[in-house]
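Data file: structure.cif. Format and content: mmCIF, C-alpha atoms.
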data_query
loop_
_atom_site.group_PDB
_atom_site.id
_atom_site.type_symbol
_atom_site.label_atom_id
_atom_site.label_comp_id
_atom_site.auth_asym_id
_atom_site.auth_seq_id
_atom_site.Cartn_x
_atom_site.Cartn_y
_atom_site.Cartn_z
ATOM 1 C CA MET A 6 24.742 6.155 9.443
ATOM 2 C CA ALA A 7 23.496 3.461 11.811
ATOM 3 C CA LEU A 8 20.017 2.024 11.289
ATOM 4 C CA ILE A 9 18.932 3.396 14.670
ATOM 5 C CA ASP A 10 19.707 6.933 13.420
ATOM 6 C CA LEU A 11 16.832 6.607 10.938
ATOM 7 C CA ALA A 12 14.493 6.344 13.930
ATOM 8 C CA ASN A 13 14.933 10.087 14.410
ATOM 9 C CA PRO A 14 12.134 11.857 12.439
ATOM 10 C CA THR A 15 14.408 14.741 11.366
ATOM 11 C CA ARG A 16 17.037 12.335 10.024
ATOM 12 C CA PHE A 17 14.271 10.287 8.411
ATOM 13 C CA LEU A 18 13.013 13.413 6.589
ATOM 14 C CA ALA A 19 16.529 14.186 5.361
ATOM 15 C CA LEU A 20 16.950 10.625 4.118
ATOM 16 C CA THR A 21 13.603 10.536 2.297
ATOM 17 C CA ALA A 22 14.384 13.859 0.594
ATOM 18 C CA ARG A 23 17.531 12.255 -0.828
ATOM 19 C CA ILE A 24 16.210 8.840 -1.863
ATOM 20 C CA LEU A 25 12.593 9.528 -2.933
ATOM 21 C CA PRO A 26 13.502 10.941 -6.385
ATOM 22 C CA TRP A 27 15.704 7.908 -7.115
ATOM 23 C CA LEU A 28 13.022 5.498 -5.899
ATOM 24 C CA ALA A 29 10.429 7.223 -8.095
ATOM 25 C CA ILE A 30 12.707 6.929 -11.145
ATOM 26 C CA ALA A 31 13.433 3.249 -10.406
ATOM 27 C CA THR A 32 9.694 2.574 -9.996
ATOM 28 C CA ALA A 33 8.893 4.218 -13.346
ATOM 29 C CA ILE A 34 11.646 2.271 -15.143
ATOM 30 C CA VAL A 35 10.607 -1.115 -13.689
ATOM 31 C CA PHE A 36 6.934 -0.359 -14.491
ATOM 32 C CA ALA A 37 7.887 0.458 -18.104
ATOM 33 C CA ILE A 38 9.795 -2.839 -18.423
ATOM 34 C CA GLY A 39 7.018 -4.801 -16.680
ATOM 35 C CA LEU A 40 4.231 -3.325 -18.834
ATOM 36 C CA TYR A 41 6.254 -3.980 -21.993
ATOM 37 C CA LEU A 42 6.816 -7.622 -20.985
ATOM 38 C CA ALA A 43 3.178 -7.988 -19.903
ATOM 39 C CA TRP A 44 1.834 -6.575 -23.134
ATOM 40 C CA PHE A 45 3.955 -8.871 -25.316
ATOM 41 C CA ALA A 46 3.625 -11.975 -23.117
ATOM 42 C CA PRO A 47 2.039 -14.936 -24.939
ATOM 43 C CA ASP A 48 -1.630 -15.715 -24.415
ATOM 44 C CA ASP A 49 -2.451 -18.517 -22.001
ATOM 45 C CA TYR A 50 -3.495 -21.754 -23.733
ATOM 46 C CA GLN A 51 -6.773 -21.822 -21.776
ATOM 47 C CA GLN A 52 -7.462 -18.211 -20.758
ATOM 48 C CA GLY A 53 -6.216 -16.454 -23.889
ATOM 49 C CA ALA A 54 -5.334 -12.756 -23.464
ATOM 50 C CA THR A 55 -7.224 -12.434 -20.161
ATOM 51 C CA VAL A 56 -4.063 -13.763 -18.501
ATOM 52 C CA LYS A 57 -2.799 -10.161 -18.846
ATOM 53 C CA ILE A 58 -5.109 -9.244 -15.941
ATOM 54 C CA MET A 59 -2.967 -11.525 -13.772
ATOM 55 C CA PHE A 60 0.003 -9.145 -14.165
ATOM 56 C CA ILE A 61 -1.804 -6.505 -12.128
ATOM 57 C CA HIS A 62 -4.166 -8.671 -10.054
ATOM 58 C CA VAL A 63 -1.543 -10.930 -8.450
ATOM 59 C CA PRO A 64 0.987 -8.191 -7.453
ATOM 60 C CA ASN A 65 -1.853 -6.204 -5.860
ATOM 61 C CA ALA A 66 -3.133 -9.286 -4.025
ATOM 62 C CA TRP A 67 0.391 -10.023 -2.711
ATOM 63 C CA LEU A 68 0.842 -6.406 -1.621
ATOM 64 C CA ALA A 69 -2.590 -6.318 0.019
ATOM 65 C CA MET A 70 -1.271 -8.910 2.493
ATOM 66 C CA ALA A 71 2.327 -7.616 2.581
ATOM 67 C CA VAL A 72 1.236 -4.087 3.540
ATOM 68 C CA TRP A 73 -0.869 -5.418 6.425
ATOM 69 C CA SER A 74 2.220 -7.403 7.499
ATOM 70 C CA VAL A 75 4.243 -4.155 7.491
ATOM 71 C CA MET A 76 1.506 -2.529 9.584
ATOM 72 C CA THR A 77 1.580 -5.509 11.972
ATOM 73 C CA VAL A 78 5.341 -5.172 12.532
ATOM 74 C CA ALA A 79 4.931 -1.398 12.980
ATOM 75 C CA SER A 80 2.090 -2.013 15.459
ATOM 76 C CA ILE A 81 4.367 -4.213 17.564
ATOM 77 C CA GLY A 82 6.852 -1.301 17.492
ATOM 78 C CA THR A 83 4.089 1.022 18.708
ATOM 79 C CA LEU A 84 2.830 -1.202 21.518
ATOM 80 C CA VAL A 85 6.125 -2.679 22.740
ATOM 81 C CA TRP A 86 8.734 0.039 22.151
ATOM 82 C CA ARG A 87 6.443 3.074 21.651
ATOM 83 C CA HIS A 88 8.685 3.991 18.774
ATOM 84 C CA PRO A 89 7.965 7.502 17.369
ATOM 85 C CA LEU A 90 8.094 6.325 13.764
ATOM 86 C CA ALA A 91 6.225 3.033 14.263
ATOM 87 C CA ASP A 92 2.678 4.390 14.278
ATOM 88 C CA VAL A 93 3.671 6.912 11.601
ATOM 89 C CA ALA A 94 4.648 3.930 9.427
ATOM 90 C CA ALA A 95 1.429 2.046 10.232
ATOM 91 C CA LYS A 96 -0.834 5.027 9.601
ATOM 92 C CA ALA A 97 0.907 5.935 6.329
ATOM 93 C CA ALA A 98 0.680 2.370 5.020
ATOM 94 C CA ALA A 99 -3.070 1.883 5.606
ATOM 95 C CA PRO A 100 -4.517 3.923 2.682
ATOM 96 C CA ILE A 101 -1.918 2.473 0.304
ATOM 97 C CA GLY A 102 -2.727 -1.075 1.428
ATOM 98 C CA ALA A 103 -6.451 -0.346 1.072
ATOM 99 C CA ALA A 104 -5.875 0.849 -2.504
ATOM 100 C CA PHE A 105 -3.908 -2.307 -3.387
ATOM 101 C CA THR A 106 -6.598 -4.510 -1.828
ATOM 102 C CA PHE A 107 -9.321 -2.608 -3.715
ATOM 103 C CA LEU A 108 -7.398 -3.178 -6.957
ATOM 104 C CA ALA A 109 -6.955 -6.890 -6.170
ATOM 105 C CA LEU A 110 -10.728 -7.188 -5.663
ATOM 106 C CA VAL A 111 -11.695 -5.161 -8.757
ATOM 107 C CA THR A 112 -9.191 -6.772 -11.141
ATOM 108 C CA GLY A 113 -10.013 -10.226 -9.734
ATOM 109 C CA SER A 114 -13.681 -9.552 -10.366
ATOM 110 C CA LEU A 115 -12.941 -8.397 -13.928
ATOM 111 C CA TRP A 116 -10.870 -11.544 -14.460
ATOM 112 C CA GLY A 117 -13.499 -13.781 -12.864
ATOM 113 C CA ARG A 118 -16.394 -12.704 -15.079
ATOM 114 C CA PRO A 119 -14.954 -14.058 -18.366
ATOM 115 C CA MET A 120 -13.182 -17.053 -16.745
ATOM 116 C CA TRP A 121 -15.641 -18.195 -14.057
ATOM 117 C CA GLY A 122 -18.811 -16.701 -15.490
ATOM 118 C CA THR A 123 -19.347 -14.473 -12.435
ATOM 119 C CA TYR A 124 -17.908 -11.270 -10.968
ATOM 120 C CA TRP A 125 -18.184 -12.529 -7.405
ATOM 121 C CA VAL A 126 -18.720 -15.638 -5.292
ATOM 122 C CA TRP A 127 -18.727 -15.806 -1.511
ATOM 123 C CA ASP A 128 -15.892 -18.344 -1.395
ATOM 124 C CA ALA A 129 -13.247 -18.332 1.329
ATOM 125 C CA ARG A 130 -10.496 -16.530 -0.648
ATOM 126 C CA LEU A 131 -12.652 -13.726 -2.028
ATOM 127 C CA THR A 132 -14.510 -13.210 1.234
ATOM 128 C CA SER A 133 -11.338 -13.144 3.365
ATOM 129 C CA VAL A 134 -9.769 -10.544 1.024
ATOM 130 C CA LEU A 135 -12.964 -8.466 1.255
ATOM 131 C CA VAL A 136 -12.650 -8.694 5.065
ATOM 132 C CA LEU A 137 -9.044 -7.465 4.731
ATOM 133 C CA PHE A 138 -10.275 -4.466 2.702
ATOM 134 C CA LEU A 139 -12.888 -3.676 5.367
ATOM 135 C CA MET A 140 -10.190 -3.982 8.060
ATOM 136 C CA TYR A 141 -8.083 -1.411 6.198
ATOM 137 C CA LEU A 142 -11.067 0.959 6.115
ATOM 138 C CA GLY A 143 -11.669 0.267 9.824
ATOM 139 C CA VAL A 144 -8.077 1.162 10.777
ATOM 140 C CA MET A 145 -8.254 4.343 8.676
ATOM 141 C CA ALA A 146 -11.552 5.295 10.324
ATOM 142 C CA LEU A 147 -10.092 4.628 13.776
ATOM 143 C CA TRP A 148 -7.180 6.993 13.095
ATOM 144 C CA ARG A 149 -9.704 9.710 12.234
ATOM 145 C CA THR A 150 -11.900 9.213 15.290
ATOM 146 C CA VAL A 151 -9.170 9.784 17.912
ATOM 147 C CA ASP A 152 -7.590 13.257 17.896
ATOM 148 C CA ASP A 153 -4.421 12.437 19.847
ATOM 149 C CA PRO A 154 -2.027 10.591 17.456
ATOM 150 C CA SER A 155 -0.355 8.512 20.200
ATOM 151 C CA ARG A 156 -3.721 7.268 21.573
ATOM 152 C CA ALA A 157 -5.021 6.646 18.058
ATOM 153 C CA GLY A 158 -1.790 4.803 17.254
ATOM 154 C CA ARG A 159 -2.187 2.390 20.169
ATOM 155 C CA ALA A 160 -5.853 1.684 19.356
ATOM 156 C CA ALA A 161 -5.063 1.174 15.657
ATOM 157 C CA ALA A 162 -2.119 -1.074 16.575
ATOM 158 C CA ILE A 163 -4.395 -3.397 18.579
ATOM 159 C CA LEU A 164 -6.907 -3.532 15.697
ATOM 160 C CA THR A 165 -4.053 -4.228 13.257
ATOM 161 C CA LEU A 166 -2.739 -7.118 15.366
ATOM 162 C CA VAL A 167 -6.248 -8.606 15.566
ATOM 163 C CA GLY A 168 -6.602 -8.200 11.798
ATOM 164 C CA ALA A 169 -3.329 -10.059 11.216
ATOM 165 C CA ILE A 170 -5.184 -13.268 12.092
ATOM 166 C CA ASN A 171 -6.826 -12.884 8.679
ATOM 167 C CA LEU A 172 -3.493 -13.150 6.788
ATOM 168 C CA PRO A 173 -2.957 -16.921 7.152
ATOM 169 C CA ILE A 174 -6.686 -17.402 6.520
ATOM 170 C CA ILE A 175 -6.317 -15.590 3.157
ATOM 171 C CA LYS A 176 -3.125 -17.467 2.271
ATOM 172 C CA PHE A 177 -4.392 -20.961 3.110
ATOM 173 C CA SER A 178 -8.101 -20.462 2.326
ATOM 174 C CA VAL A 179 -7.628 -22.115 -1.065
ATOM 175 C CA ASP A 180 -6.134 -25.197 0.657
ATOM 176 C CA TRP A 181 -8.434 -25.403 3.673
ATOM 177 C CA TRP A 182 -11.732 -24.942 1.801
ATOM 178 C CA ASN A 183 -13.156 -25.838 -1.571
ATOM 179 C CA THR A 184 -12.909 -22.501 -3.395
ATOM 180 C CA LEU A 185 -13.590 -21.297 -6.925
ATOM 181 C CA HIS A 186 -10.301 -19.375 -6.658
ATOM 182 C CA GLN A 187 -7.317 -21.435 -7.797
ATOM 183 C CA PRO A 188 -4.618 -22.561 -5.322
ATOM 184 C CA ALA A 189 -1.180 -20.895 -5.176
ATOM 185 C CA SER A 190 0.809 -21.229 -8.398
ATOM 186 C CA VAL A 191 3.975 -19.201 -7.642
ATOM 187 C CA PHE A 192 4.885 -19.486 -3.927
ATOM 188 C CA ARG A 193 4.230 -23.196 -3.410
ATOM 189 C CA PRO A 194 6.217 -26.313 -2.497
ATOM 190 C CA GLY A 195 7.771 -27.682 -5.680
ATOM 191 C CA GLY A 196 8.150 -24.264 -7.325
ATOM 192 C CA PRO A 197 5.936 -22.224 -9.646
ATOM 193 C CA THR A 198 3.559 -23.961 -12.047
ATOM 194 C CA ILE A 199 3.538 -20.978 -14.437
ATOM 195 C CA ALA A 200 5.565 -21.008 -17.681
ATOM 196 C CA PRO A 201 8.637 -18.696 -17.584
ATOM 197 C CA SER A 202 7.239 -16.599 -20.469
ATOM 198 C CA ILE A 203 4.340 -15.579 -18.202
ATOM 199 C CA LEU A 204 6.108 -15.836 -14.827
ATOM 200 C CA THR A 205 8.836 -13.313 -15.794
ATOM 201 C CA PRO A 206 6.457 -10.407 -16.578
ATOM 202 C CA LEU A 207 4.485 -11.270 -13.440
ATOM 203 C CA LEU A 208 7.582 -11.042 -11.220
ATOM 204 C CA VAL A 209 8.755 -7.807 -12.892
ATOM 205 C CA MET A 210 5.312 -6.256 -12.378
ATOM 206 C CA ALA A 211 5.369 -7.465 -8.754
ATOM 207 C CA LEU A 212 8.748 -5.720 -8.292
ATOM 208 C CA ALA A 213 7.322 -2.547 -9.888
ATOM 209 C CA PHE A 214 4.335 -2.507 -7.512
ATOM 210 C CA LEU A 215 6.654 -3.236 -4.565
ATOM 211 C CA LEU A 216 8.845 -0.258 -5.507
ATOM 212 C CA LEU A 217 5.695 1.840 -5.893
ATOM 213 C CA PHE A 218 4.650 0.863 -2.377
ATOM 214 C CA VAL A 219 8.064 1.686 -0.885
ATOM 215 C CA THR A 220 8.093 5.066 -2.656
ATOM 216 C CA LEU A 221 4.535 5.987 -1.671
ATOM 217 C CA HIS A 222 5.001 4.706 1.876
ATOM 218 C CA LEU A 223 8.124 6.790 2.497
ATOM 219 C CA ALA A 224 6.400 9.840 0.975
ATOM 220 C CA ALA A 225 3.265 9.277 3.082
ATOM 221 C CA MET A 226 5.417 8.817 6.239
ATOM 222 C CA ARG A 227 7.177 12.108 5.468
ATOM 223 C CA ASN A 228 3.753 13.792 5.119
ATOM 224 C CA GLU A 229 2.561 12.299 8.415
ATOM 225 C CA ILE A 230 5.665 13.589 10.253
ATOM 226 C CA LEU A 231 5.027 17.069 8.816
ATOM 227 C CA ARG A 232 1.326 16.818 9.814
ATOM 228 C CA ARG A 233 2.357 16.070 13.426
ATOM 229 C CA ARG A 234 4.746 19.021 13.413
ATOM 230 C CA VAL A 235 1.921 21.265 12.233
ATOM 231 C CA ARG A 236 -0.307 19.877 15.016
ATOM 232 C CA THR A 237 2.402 20.458 17.649
ATOM 233 C CA MET A 238 2.914 24.026 16.463
ATOM 234 C CA TRP A 239 -0.826 24.711 16.502
ATOM 235 C CA LEU A 240 -1.001 23.416 20.092
ATOM 236 C CA MET A 241 1.986 25.578 21.098
ATOM 237 C CA GLN A 242 0.375 28.606 19.493
ATOM 238 C CA ALA A 243 -2.917 27.928 21.284
ATOM 239 C CA HIS A 244 -1.060 27.389 24.584
ATOM 240 C CA ALA A 245 0.860 30.660 24.176
ATOM 241 C CA ALA A 246 -2.342 32.546 23.375
ATOM 242 C CA SER A 247 -4.210 31.208 26.434
ATOM 243 C CA MET B 20 -2.544 -6.504 -30.757
ATOM 244 C CA ASN B 21 -5.678 -8.653 -30.572
ATOM 245 C CA LEU B 22 -6.949 -8.932 -26.983
ATOM 246 C CA GLY B 23 -9.601 -11.453 -27.959
ATOM 247 C CA PRO B 24 -13.282 -11.574 -27.043
ATOM 248 C CA HIS B 25 -12.683 -10.334 -23.479
ATOM 249 C CA ALA B 26 -10.745 -7.181 -24.406
ATOM 250 C CA ALA B 27 -13.154 -4.939 -22.470
ATOM 251 C CA PHE B 28 -12.357 -6.776 -19.194
ATOM 252 C CA ILE B 29 -8.585 -6.499 -19.762
ATOM 253 C CA ILE B 30 -8.792 -2.799 -20.641
ATOM 254 C CA ALA B 31 -11.100 -2.112 -17.661
ATOM 255 C CA ALA B 32 -8.670 -3.861 -15.266
ATOM 256 C CA TYR B 33 -5.661 -1.851 -16.517
ATOM 257 C CA ALA B 34 -7.695 1.375 -16.521
ATOM 258 C CA ALA B 35 -8.712 0.762 -12.899
ATOM 259 C CA ALA B 36 -5.074 0.118 -11.921
ATOM 260 C CA ILE B 37 -3.865 3.274 -13.686
ATOM 261 C CA ALA B 38 -6.628 5.374 -12.073
ATOM 262 C CA VAL B 39 -5.877 4.096 -8.560
ATOM 263 C CA VAL B 40 -2.088 4.489 -8.936
ATOM 264 C CA ILE B 41 -2.479 8.043 -10.282
ATOM 265 C CA GLY B 42 -4.891 8.758 -7.419
ATOM 266 C CA LEU B 43 -2.362 7.534 -4.829
ATOM 267 C CA ILE B 44 0.450 9.612 -6.349
ATOM 268 C CA ALA B 45 -1.776 12.704 -6.519
ATOM 269 C CA TRP B 46 -2.864 12.212 -2.874
ATOM 270 C CA VAL B 47 0.738 11.981 -1.637
ATOM 271 C CA ILE B 48 1.864 15.035 -3.636
ATOM 272 C CA ALA B 49 -1.175 17.155 -2.647
ATOM 273 C CA ASP B 50 -0.838 16.176 1.026
ATOM 274 C CA HIS B 51 2.862 17.102 1.018
ATOM 275 C CA ALA B 52 2.116 20.492 -0.534
ATOM 276 C CA ALA B 53 -0.665 21.113 2.024
ATOM 277 C CA GLN B 54 1.546 20.255 5.039
ATOM 278 C CA ARG B 55 4.423 22.384 3.686
ATOM 279 C CA ARG B 56 2.006 25.303 3.223
ATOM 280 C CA LEU B 57 0.683 24.968 6.780
ATOM 281 C CA LEU B 58 4.225 24.770 8.220
ATOM 282 C CA ALA B 59 5.333 27.813 6.239
ATOM 283 C CA ASP B 60 2.263 29.727 7.428
ATOM 284 C CA LEU B 61 2.968 28.879 11.086
ATOM 285 C CA GLU B 62 6.669 29.735 10.770
ATOM 286 C CA ALA B 63 5.771 33.050 9.127
ATOM 287 C CA ARG B 64 3.714 33.840 12.244
ATOM 288 C CA GLY B 65 6.756 33.119 14.412
ATOM 289 C CA VAL B 66 5.622 29.742 15.763
ATOM 290 C CA THR B 67 8.526 27.296 16.169
ATOM 291 C CA ARG B 68 8.799 23.826 17.607
ATOM 292 C CA ARG B 69 10.526 23.234 20.954
ATOM 293 C CA ALA B 70 13.273 21.206 19.219
ATOM 294 C CA GLU B 71 13.992 24.105 16.870
ATOM 295 C CA LYS B 72 14.150 26.552 19.794
ATOM 296 C CA GLU B 73 16.620 24.298 21.607
ATOM 297 C CA ALA B 74 18.743 23.926 18.469
ATOM 298 C CA ALA B 75 18.844 27.719 17.955
#

Could you render the structure from this file as structure tokens?
Amino acid sequence: MALIDLANPTRFLALTARILPWLAIATAIVFAIGLYLAWFAPDDYQQGATVKIMFIHVPNAWLAMAVWSVMTVASIGTLVWRHPLADVAAKAAAPIGAAFTFLALVTGSLWGRPMWGTYWVWDARLTSVLVLFLMYLGVMALWRTVDDPSRAGRAAAILTLVGAINLPIIKFSVDWWNTLHQPASVFRPGGPTIAPSILTPLLVMALAFLLLFVTLHLAAMRNEILRRRVRTMWLMQAHAAS
Amino acid sequence: MNLGPHAAFIIAAYAAAIAVVIGLIAWVIADHAAQRRLLADLEARGVTRRAEKEAA
């Protein structure tokens, strides 16, 4: 099967029906391994056991930005090629990305209180991630305000592209401004600064959350395709009745 | 396992993550069931999509 064949919604539904159970099983297995490694990871020499919050905070923070990147690529597909699955992909990703961003904010806050002495500061990193969360809510609200999916898709795509400006601001905020949030310690020139005994569980948990996103995204895309079929059939029924 | 003096923060963070992940899974499953139900209802009333008519 060529990649272009997956662009057909019917073929996409057939594919997701086959691979979703396997993806769900893989996600559960990697989560089990990641949680085991996280639970038995050594305490940090400065932070003690609170370093365990990092194993869920960091993957969610990475995915918060990665999901918006997926939506940005899908938005280009909507605006440039008017691809039938592009705005389906963007719409399905938004609530999942919002949930990951919410978790990054909440777990970061719960980590910040014992380590920084405060749940929240208006520094550049925290504020830019809060803006990302609000952008997710804005895109979701926009989808709900326009009834026609293709018109809503184009409007949401423009908002998504504008919101993408925030991604480099989030990434480099800790370098450009003096923030309470620490600078990057995994994806940085010179390699990670984290000990392997803590880095390994972090990367396994990141893989688990990534698999969770892929699984949920495909399932949500399948649901969105079915929702559009229901809408089309309702319109046909109304047209036939009139 | 001793989670130290900040155990409540660690447990709260993991509890929040579990709640949100379960919520996402439940949303996807419930939405799928709802769309399937609506499609089945429409098909039972004889409504079919144009693509299905052409394929028939």

Would you kindly return, as a PDB file with C-alpha atoms, in the frame of the given file, each protein, DNA or RNA residue with an atom no farther than 9 Å from any atom of His51 (chain B), considering only C-alpha atoms and excluding same-chain residues fewer than 2 positions away?
ATOM      1  CA  ALA A 224       6.400   9.840   0.975  1.00  0.00           C
ATOM      2  CA  ALA A 225       3.265   9.277   3.082  1.00  0.00           C
ATOM      3  CA  ARG A 227       7.177  12.108   5.468  1.00  0.00           C
ATOM      4  CA  ASN A 228       3.753  13.792   5.119  1.00  0.00           C
ATOM      5  CA  GLU A 229       2.561  12.299   8.415  1.00  0.00           C
ATOM      6  CA  LEU A 231       5.027  17.069   8.816  1.00  0.00           C
ATOM      7  CA  ARG A 232       1.326  16.818   9.814  1.00  0.00           C
TER       8      ARG A 232
ATOM      9  CA  TRP B  46      -2.864  12.212  -2.874  1.00  0.00           C
ATOM     10  CA  VAL B  47       0.738  11.981  -1.637  1.00  0.00           C
ATOM     11  CA  ILE B  48       1.864  15.035  -3.636  1.00  0.00           C
ATOM     12  CA  ALA B  49      -1.175  17.155  -2.647  1.00  0.00           C
ATOM     13  CA  ALA B  53      -0.665  21.113   2.024  1.00  0.00           C
ATOM     14  CA  GLN B  54       1.546  20.255   5.039  1.00  0.00           C
ATOM     15  CA  ARG B  55       4.423  22.384   3.686  1.00  0.00           C
ATOM     16  CA  ARG B  56       2.006  25.303   3.223  1.00  0.00           C
TER      17      ARG B  56
END

Residue hits in chain B, query chain A, radius 9 Å, all atoms listed in the file, as a ChimeraX atom specification: /B:20-26,28-33,35-36,39-40,43-44,47-48,50-52,54-55,57-58,61-62,66-69

Limited to C-alpha atoms, could you put the picked residues into a file as a PDB file, in the frame of the given file?
ATOM      1  CA  MET B  20      -2.544  -6.504 -30.757  1.00  0.00           C
ATOM      2  CA  ASN B  21      -5.678  -8.653 -30.572  1.00  0.00           C
ATOM      3  CA  LEU B  22      -6.949  -8.932 -26.983  1.00  0.00           C
ATOM      4  CA  GLY B  23      -9.601 -11.453 -27.959  1.00  0.00           C
ATOM      5  CA  PRO B  24     -13.282 -11.574 -27.043  1.00  0.00           C
ATOM      6  CA  HIS B  25     -12.683 -10.334 -23.479  1.00  0.00           C
ATOM      7  CA  ALA B  26     -10.745  -7.181 -24.406  1.00  0.00           C
ATOM      8  CA  PHE B  28     -12.357  -6.776 -19.194  1.00  0.00           C
ATOM      9  CA  ILE B  29      -8.585  -6.499 -19.762  1.00  0.00           C
ATOM     10  CA  ILE B  30      -8.792  -2.799 -20.641  1.00  0.00           C
ATOM     11  CA  ALA B  31     -11.100  -2.112 -17.661  1.00  0.00           C
ATOM     12  CA  ALA B  32      -8.670  -3.861 -15.266  1.00  0.00           C
ATOM     13  CA  TYR B  33      -5.661  -1.851 -16.517  1.00  0.00           C
ATOM     14  CA  ALA B  35      -8.712   0.762 -12.899  1.00  0.00           C
ATOM     15  CA  ALA B  36      -5.074   0.118 -11.921  1.00  0.00           C
ATOM     16  CA  VAL B  39      -5.877   4.096  -8.560  1.00  0.00           C
ATOM     17  CA  VAL B  40      -2.088   4.489  -8.936  1.00  0.00           C
ATOM     18  CA  LEU B  43      -2.362   7.534  -4.829  1.00  0.00           C
ATOM     19  CA  ILE B  44       0.450   9.612  -6.349  1.00  0.00           C
ATOM     20  CA  VAL B  47       0.738  11.981  -1.637  1.00  0.00           C
ATOM     21  CA  ILE B  48       1.864  15.035  -3.636  1.00  0.00           C
ATOM     22  CA  ASP B  50      -0.838  16.176   1.026  1.00  0.00           C
ATOM     23  CA  HIS B  51       2.862  17.102   1.018  1.00  0.00           C
ATOM     24  CA  ALA B  52       2.116  20.492  -0.534  1.00  0.00           C
ATOM     25  CA  GLN B  54       1.546  20.255   5.039  1.00  0.00           C
ATOM     26  CA  ARG B  55       4.423  22.384   3.686  1.00  0.00           C
ATOM     27  CA  LEU B  57       0.683  24.968   6.780  1.00  0.00           C
ATOM     28  CA  LEU B  58       4.225  24.770   8.220  1.00  0.00           C
ATOM     29  CA  LEU B  61       2.968  28.879  11.086  1.00  0.00           C
ATOM     30  CA  GLU B  62       6.669  29.735  10.770  1.00  0.00           C
ATOM     31  CA  VAL B  66       5.622  29.742  15.763  1.00  0.00           C
ATOM     32  CA  THR B  67       8.526  27.296  16.169  1.00  0.00           C
ATOM     33  CA  ARG B  68       8.799  23.826  17.607  1.00  0.00           C
ATOM     34  CA  ARG B  69      10.526  23.234  20.954  1.00  0.00           C
TER      35      ARG B  69
END

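Within the 6 Å cut-off around region 153-164 of chain A, using only C-alpha atoms and omitting residues fewer than 3 positions from it on the same chain, the listed residues are A:Ser80, A:Asp92, A:Val144, A:Trp148, A:Val167.
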
Contacts of Ala129 (chain A) within 10 Å, all atoms listed in the file, excl. fewer than 4 positions in-chain, as a PyMOL selection string: chain A and resi 133-135+174-175+177-186

Neighbour list for region 195-200 of chain A as a ChimeraX atom specification, cut-off 12 Å, all atoms listed in the file, skip fewer than 3 positions in-chain: /A:46-50,56,59,187-192,203-208

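The space between CA of Gly42 (chain B) and CA of Trp73 (chain A) spans 20.2 Å.
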
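Taking all atoms listed in the file, the non-local environment of region 32-37 of chain A within 9 Å (same-chain residues fewer than 5 positions away omitted) comprises Trp27, Leu42, Val209, Met210, Leu212, Ala213, Phe214, Leu215, Leu216, Leu217 and Thr220 of chain A.
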
Generate the output file for the selected residues, C-alpha atoms, as a short mmCIF file (atom, residue, chain, number, x, y, z; two decimals), in the frame of the given file.
data_model
loop_
_atom_site.label_atom_id
_atom_site.label_comp_id
_atom_site.auth_asym_id
_atom_site.auth_seq_id
_atom_site.Cartn_x
_atom_site.Cartn_y
_atom_site.Cartn_z
CA TRP A 27 15.70 7.91 -7.12
CA LEU A 42 6.82 -7.62 -20.98
CA VAL A 209 8.76 -7.81 -12.89
CA MET A 210 5.31 -6.26 -12.38
CA LEU A 212 8.75 -5.72 -8.29
CA ALA A 213 7.32 -2.55 -9.89
CA PHE A 214 4.34 -2.51 -7.51
CA LEU A 215 6.65 -3.24 -4.57
CA LEU A 216 8.85 -0.26 -5.51
CA LEU A 217 5.70 1.84 -5.89
CA THR A 220 8.09 5.07 -2.66
#

Just need the box for region 50-67 of chain B, edges along x, y and z, holding every atom the file lists for it with 6 Å tacked onto each side, so centre and edge lengths in Å to one decimal, as lines of an AutoDock Vina configuration file.
center_x = 3.8
center_y = 25.0
center_z = 7.8
size_x = 21.4
size_y = 29.7
size_z = 28.7

Top pick for closest residue to Pro173 (chain A), considering A:Leu40, A:Ala79, A:Ala99, A:Leu137 and counting all atoms listed in the file: A:Leu137

Write a file for region 15-22 of chain A, containing N, CA and C atoms (output as a short mmCIF file (atom, residue, chain, number, x, y, z; two decimals), in the first residue's frame).
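Writing the result to decode-v4.cif gives the following:
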data_model
loop_
_atom_site.label_atom_id
_atom_site.label_comp_id
_atom_site.auth_asym_id
_atom_site.auth_seq_id
_atom_site.Cartn_x
_atom_site.Cartn_y
_atom_site.Cartn_z
N THR A 15 -11.65 6.04 3.80
CA THR A 15 -12.12 4.65 3.97
C THR A 15 -10.93 3.73 4.22
N ARG A 16 -9.85 3.92 3.45
CA ARG A 16 -8.65 3.10 3.66
C ARG A 16 -8.02 3.41 5.02
N PHE A 17 -8.08 4.69 5.40
CA PHE A 17 -7.54 5.10 6.70
C PHE A 17 -8.30 4.39 7.83
N LEU A 18 -9.63 4.31 7.71
CA LEU A 18 -10.44 3.63 8.73
C LEU A 18 -10.08 2.15 8.81
N ALA A 19 -9.86 1.54 7.65
CA ALA A 19 -9.51 0.11 7.63
C ALA A 19 -8.14 -0.10 8.30
N LEU A 20 -7.22 0.81 8.01
CA LEU A 20 -5.88 0.70 8.60
C LEU A 20 -5.93 0.87 10.11
N THR A 21 -6.66 1.89 10.58
CA THR A 21 -6.71 2.13 12.03
C THR A 21 -7.36 0.95 12.76
N ALA A 22 -8.37 0.35 12.13
CA ALA A 22 -9.02 -0.81 12.76
C ALA A 22 -8.02 -1.94 12.98
#
